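Heads up: the structure comes next, in structure tokens.
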Amino acid sequence: MKQPQHDRALHPPGAQERAEIERIEARRTFLKGAAAGTLVMAFGGAAFAVAADDDPRLGTNRPDGRPRLPPGQRLLSALRPMGGEPGDPSAAAWRCRIHGDCDRPTTIDFATLLRMPQTSLRADVHCVTGWTVFDAPWTGVRLSHLAELAGVRPGVRHVVFEAAHGYTANVPLREALRPNVMLAHRLNGAPLPRPHGPPVRSLVPDLYFWKSAKWLTGVRFVRADEPGYWETRGYHNHGDPWREERYG
Ligand SMILES: Nc1nc2c(c(=O)[nH]1)N[C@H]1C(S)=C(S)[C@@H](COP(=O)(O)O)O[C@H]1N2
Ligand SMILES: [Mo]
């Protein structure tokens with residue numbers, strides 16, 4: 001699977017972490033060189049938003065008391081497409097297995113997802129490569145709703161998000177049941193744009209963004225933890241941005 005943004009597996013152990021840090025530093029230096037504020041630049045053929053250093057939300061705290069900007073992060077004005085091997089973006093073709101250790105496993109399609117209770121929220125997201133975006137507006141269905149529907153059995157401790165081409169990400173069940181964790185199908189008031197995992201991705205805003213699986217194909221409830229794609233390639237098993245749980 002090609003993963004150009006986090007290709008630490010290509011470097012020998014020891015050099016891996018330095019290479020990643022150098023990459024992050026290079027990006028930061030680039031961003032510092034760009035003008036502050038909301039600005040979209042052409043870069044490698046893709047448009048992306050750059051640093052918003054003068055944002056009044058910087059330096060404030062979240063309702064839970066933690067700083068709005070986690071340590072070592074820099075604010076961008078819009079999500080940056082981070083790549084990954086795309087799945088089928090078609091809503092008509094989308095199927096998602098809700099399965100694992102539950103009483104009522106099921107497969108849902110897009111129309112079924114839309115008939116479920118919809119949640120719209122603004123969430124901050126934090127990419128391990130060093131960027132954060134505040135207040136991204138998402139719409140979707142809470143994971144807690146799907147867990148209830150599936151009848152998750154006692155003893156289940158983890159959720160594995162499954163995505164196209166074998167990508168997976170593991171999240172502790174307790175955290176996955178929080179009200180801001182969802183299967184998202186809209187971003188910024190529109191269907192998920194092509195690079196951001198349409199038609200449906202998971203959204204786990206309070207963990208690093210690699211936990212938010214694009215091109216979602218399944219939600220699996222498990223008792224024993226199953227480290228996912230990045231978690232088995234040197235990244236932290238949990239990924240809390242405020243503890244800087246970047247590398248395992
Ligand atoms: N299916 C899939 N989901 C994925 C990835 C991926 O490679 N494949 N990359 C992850 C990583 S490393 C990040 S940082 C975010 C990036 O999401 P974005 O491209 O919408 O910014 O998606 C995550 N979800
Ligand atoms: Mo990432």
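Please note that chains go A, B, ... in the order of the structure tokens, that every chain numbers its residues from 1, and that ligands are numbered from 1 in the order shown.
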
*asked:* as number ranges by chain, please: every residue in stretch 6-246 of chain A that DSSP puts in helix (DSSP H, G or I).
replied: A: 6, 8-10, 15-33, 110-115, 143-150, 164-166, 173-176, 194-196, 209-211, 241-243

Proximity check chain A to ligand 1, 6 Å, nearest pairs one decimal Å, only C-alpha atoms and all ligand atoms, as JSON lines:
{"residue": "A:Gln3", "atom": "CA", "partner": "ligand 1", "partner_atom_place_in_ligand_line": "7 (O)", "distance": 5.9}
{"residue": "A:Leu79", "atom": "CA", "partner": "ligand 1", "partner_atom_place_in_ligand_line": "21 (O)", "distance": 5.3}
{"residue": "A:Arg80", "atom": "CA", "partner": "ligand 1", "partner_atom_place_in_ligand_line": "21 (O)", "distance": 4.7}
{"residue": "A:Pro81", "atom": "CA", "partner": "ligand 1", "partner_atom_place_in_ligand_line": "19 (O)", "distance": 3.6}
{"residue": "A:Met82", "atom": "CA", "partner": "ligand 1", "partner_atom_place_in_ligand_line": "19 (O)", "distance": 3.7}
{"residue": "A:Gly83", "atom": "CA", "partner": "ligand 1", "partner_atom_place_in_ligand_line": "19 (O)", "distance": 5.3}
{"residue": "A:Gly84", "atom": "CA", "partner": "ligand 1", "partner_atom_place_in_ligand_line": "7 (O)", "distance": 3.2}
{"residue": "A:Glu85", "atom": "CA", "partner": "ligand 1", "partner_atom_place_in_ligand_line": "8 (N)", "distance": 5.8}
{"residue": "A:Cys127", "atom": "CA", "partner": "ligand 1", "partner_atom_place_in_ligand_line": "14 (S)", "distance": 4.8}
{"residue": "A:Ala163", "atom": "CA", "partner": "ligand 1", "partner_atom_place_in_ligand_line": "1 (N)", "distance": 4.8}
{"residue": "A:Ala164", "atom": "CA", "partner": "ligand 1", "partner_atom_place_in_ligand_line": "1 (N)", "distance": 5.5}
{"residue": "A:Tyr167", "atom": "CA", "partner": "ligand 1", "partner_atom_place_in_ligand_line": "1 (N)", "distance": 5.2}
{"residue": "A:Pro195", "atom": "CA", "partner": "ligand 1", "partner_atom_place_in_ligand_line": "19 (O)", "distance": 5.8}
{"residue": "A:His196", "atom": "CA", "partner": "ligand 1", "partner_atom_place_in_ligand_line": "20 (O)", "distance": 3.7}
{"residue": "A:Phe209", "atom": "CA", "partner": "ligand 1", "partner_atom_place_in_ligand_line": "14 (S)", "distance": 4.7}
{"residue": "A:Trp210", "atom": "CA", "partner": "ligand 1", "partner_atom_place_in_ligand_line": "11 (C)", "distance": 3.6}
{"residue": "A:Ser212", "atom": "CA", "partner": "ligand 1", "partner_atom_place_in_ligand_line": "24 (N)", "distance": 5.0}
{"residue": "A:Ala213", "atom": "CA", "partner": "ligand 1", "partner_atom_place_in_ligand_line": "3 (N)", "distance": 3.7}
{"residue": "A:Lys214", "atom": "CA", "partner": "ligand 1", "partner_atom_place_in_ligand_line": "3 (N)", "distance": 3.7}
{"residue": "A:Trp215", "atom": "CA", "partner": "ligand 1", "partner_atom_place_in_ligand_line": "1 (N)", "distance": 5.2}

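Counting only C-alpha atoms and all ligand atoms, the residue from A:Arg95, A:Lys211, A:Arg157, A:Arg68 that sits nearest to ligand 2 is A:Lys211.
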
Item to complete: Name all residues at most 8 Å from A:Asn170 (count only C-alpha atoms; drop same-chain ones fewer than 5 positions away) and give them as a list in words.
Response: His158, Val159, Val160, Phe161, Lys211, Asp225, Glu226, Pro227, Gly228 and Asn237 of chain A

Restricting the output to N, CA and C atoms, write the selected residues as a PDB file, in the first residue's frame.
ATOM      1  N   HIS A 158     -12.442  -2.575  22.269  1.00  0.00           N
ATOM      2  CA  HIS A 158     -11.830  -1.802  21.175  1.00  0.00           C
ATOM      3  C   HIS A 158     -12.727  -1.814  19.940  1.00  0.00           C
ATOM      4  N   VAL A 159     -12.550  -0.787  19.133  1.00  0.00           N
ATOM      5  CA  VAL A 159     -13.197  -0.720  17.824  1.00  0.00           C
ATOM      6  C   VAL A 159     -12.097  -0.687  16.776  1.00  0.00           C
ATOM      7  N   VAL A 160     -12.260  -1.496  15.734  1.00  0.00           N
ATOM      8  CA  VAL A 160     -11.329  -1.439  14.609  1.00  0.00           C
ATOM      9  C   VAL A 160     -12.082  -0.853  13.416  1.00  0.00           C
ATOM     10  N   PHE A 161     -11.627   0.312  12.950  1.00  0.00           N
ATOM     11  CA  PHE A 161     -12.183   0.883  11.732  1.00  0.00           C
ATOM     12  C   PHE A 161     -11.463   0.230  10.558  1.00  0.00           C
ATOM     13  N   LYS A 211      -6.303   8.020  12.977  1.00  0.00           N
ATOM     14  CA  LYS A 211      -7.358   7.149  13.510  1.00  0.00           C
ATOM     15  C   LYS A 211      -8.677   7.337  12.753  1.00  0.00           C
ATOM     16  N   ASP A 225      -7.232  -5.959  21.707  1.00  0.00           N
ATOM     17  CA  ASP A 225      -6.786  -4.855  20.863  1.00  0.00           C
ATOM     18  C   ASP A 225      -6.096  -5.377  19.597  1.00  0.00           C
ATOM     19  N   GLU A 226      -6.273  -4.658  18.504  1.00  0.00           N
ATOM     20  CA  GLU A 226      -5.628  -5.001  17.229  1.00  0.00           C
ATOM     21  C   GLU A 226      -5.005  -3.758  16.635  1.00  0.00           C
ATOM     22  N   PRO A 227      -3.721  -3.522  16.911  1.00  0.00           N
ATOM     23  CA  PRO A 227      -3.047  -2.369  16.305  1.00  0.00           C
ATOM     24  C   PRO A 227      -3.273  -2.344  14.793  1.00  0.00           C
ATOM     25  N   GLY A 228      -3.505  -1.161  14.240  1.00  0.00           N
ATOM     26  CA  GLY A 228      -3.885  -1.027  12.842  1.00  0.00           C
ATOM     27  C   GLY A 228      -2.716  -0.735  11.923  1.00  0.00           C
ATOM     28  N   ASN A 237       0.198   3.377  19.679  1.00  0.00           N
ATOM     29  CA  ASN A 237      -1.036   2.589  19.613  1.00  0.00           C
ATOM     30  C   ASN A 237      -2.274   3.423  19.940  1.00  0.00           C
TER      31      ASN A 237
END

Would you kindly return, as a PDB file with C-alpha atoms, in the first residue's frame, each protein, DNA or RNA residue with an atom no farther than 10 Å from any atom of A:His99, considering only C-alpha atoms and excluding same-chain residues fewer than 3 positions away?
ATOM      1  CA  CYS A  96     -20.193  -0.969   5.526  1.00  0.00           C
ATOM      2  CA  CYS A 102     -21.939  -8.093  18.790  1.00  0.00           C
ATOM      3  CA  ASP A 103     -25.412  -9.656  18.880  1.00  0.00           C
ATOM      4  CA  ARG A 104     -26.751  -8.050  15.682  1.00  0.00           C
ATOM      5  CA  PRO A 105     -24.018  -7.744  13.053  1.00  0.00           C
ATOM      6  CA  THR A 106     -25.251  -5.995   9.933  1.00  0.00           C
ATOM      7  CA  THR A 107     -24.178  -4.448   6.654  1.00  0.00           C
ATOM      8  CA  ALA A 147     -22.788   0.238  18.661  1.00  0.00           C
ATOM      9  CA  ALA A 150     -25.307  -3.824  16.719  1.00  0.00           C
ATOM     10  CA  GLY A 151     -25.694  -4.876  20.334  1.00  0.00           C
ATOM     11  CA  VAL A 152     -22.052  -4.763  21.354  1.00  0.00           C
ATOM     12  CA  VAL A 159     -13.197  -0.720  17.824  1.00  0.00           C
ATOM     13  CA  VAL A 160     -11.329  -1.439  14.609  1.00  0.00           C
ATOM     14  CA  GLY A 218     -16.283  -1.683   8.237  1.00  0.00           C
ATOM     15  CA  VAL A 219     -16.590  -1.183  11.962  1.00  0.00           C
ATOM     16  CA  ARG A 220     -15.515  -4.172  14.014  1.00  0.00           C
ATOM     17  CA  PHE A 221     -15.991  -4.570  17.764  1.00  0.00           C
ATOM     18  CA  VAL A 222     -13.288  -6.636  19.471  1.00  0.00           C
TER      19      VAL A 222
END

Of A:Arg66, A:Arg233, A:Arg97, A:His126, the one nearest to ligand 2 when counting only C-alpha atoms and all ligand atoms is A:His126

Min atom-atom distance to A:Leu203 from the set A:Asp64, A:Glu175, A:Glu245, A:Asp88, counting only C-alpha atoms, belongs to A:Glu175

Original post:
Can you list, as a ChimeraX atom specification, every protein, DNA or RNA residue that comes within 6 Å of stretch 177-193 of chain A when you count only C-alpha atoms, leaving out same-chain residues fewer than 6 positions away?
Top reply: /A:137-144,199-204

Would you export the selected residues with C-alpha atoms as a short mmCIF file (atom, residue, chain, number, x, y, z; two decimals), in the first residue's frame, please?
data_model
loop_
_atom_site.label_atom_id
_atom_site.label_comp_id
_atom_site.auth_asym_id
_atom_site.auth_seq_id
_atom_site.Cartn_x
_atom_site.Cartn_y
_atom_site.Cartn_z
CA PRO A 137 -17.85 21.15 10.23
CA TRP A 138 -18.79 17.49 9.86
CA THR A 139 -22.07 15.62 9.50
CA GLY A 140 -22.58 11.93 10.14
CA VAL A 141 -23.87 9.22 12.44
CA ARG A 142 -22.46 8.68 15.90
CA LEU A 143 -20.49 5.49 16.46
CA SER A 144 -22.44 5.11 19.73
CA PRO A 199 -18.43 8.49 0.67
CA VAL A 200 -17.92 7.80 4.40
CA ARG A 201 -14.97 8.03 6.80
CA SER A 202 -14.64 7.62 10.52
CA LEU A 203 -14.00 10.73 12.59
CA VAL A 204 -12.18 10.47 15.93
#

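The shortest atom-to-atom distance to ligand 2, with only C-alpha atoms and all ligand atoms taken into account, belongs to A:Val128 out of A:Ala91, A:Ala52, A:Val128, A:Ala224.
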
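Going from atom CA of A:Gly130 to atom CA of A:Arg74 covers 6.0 Å.
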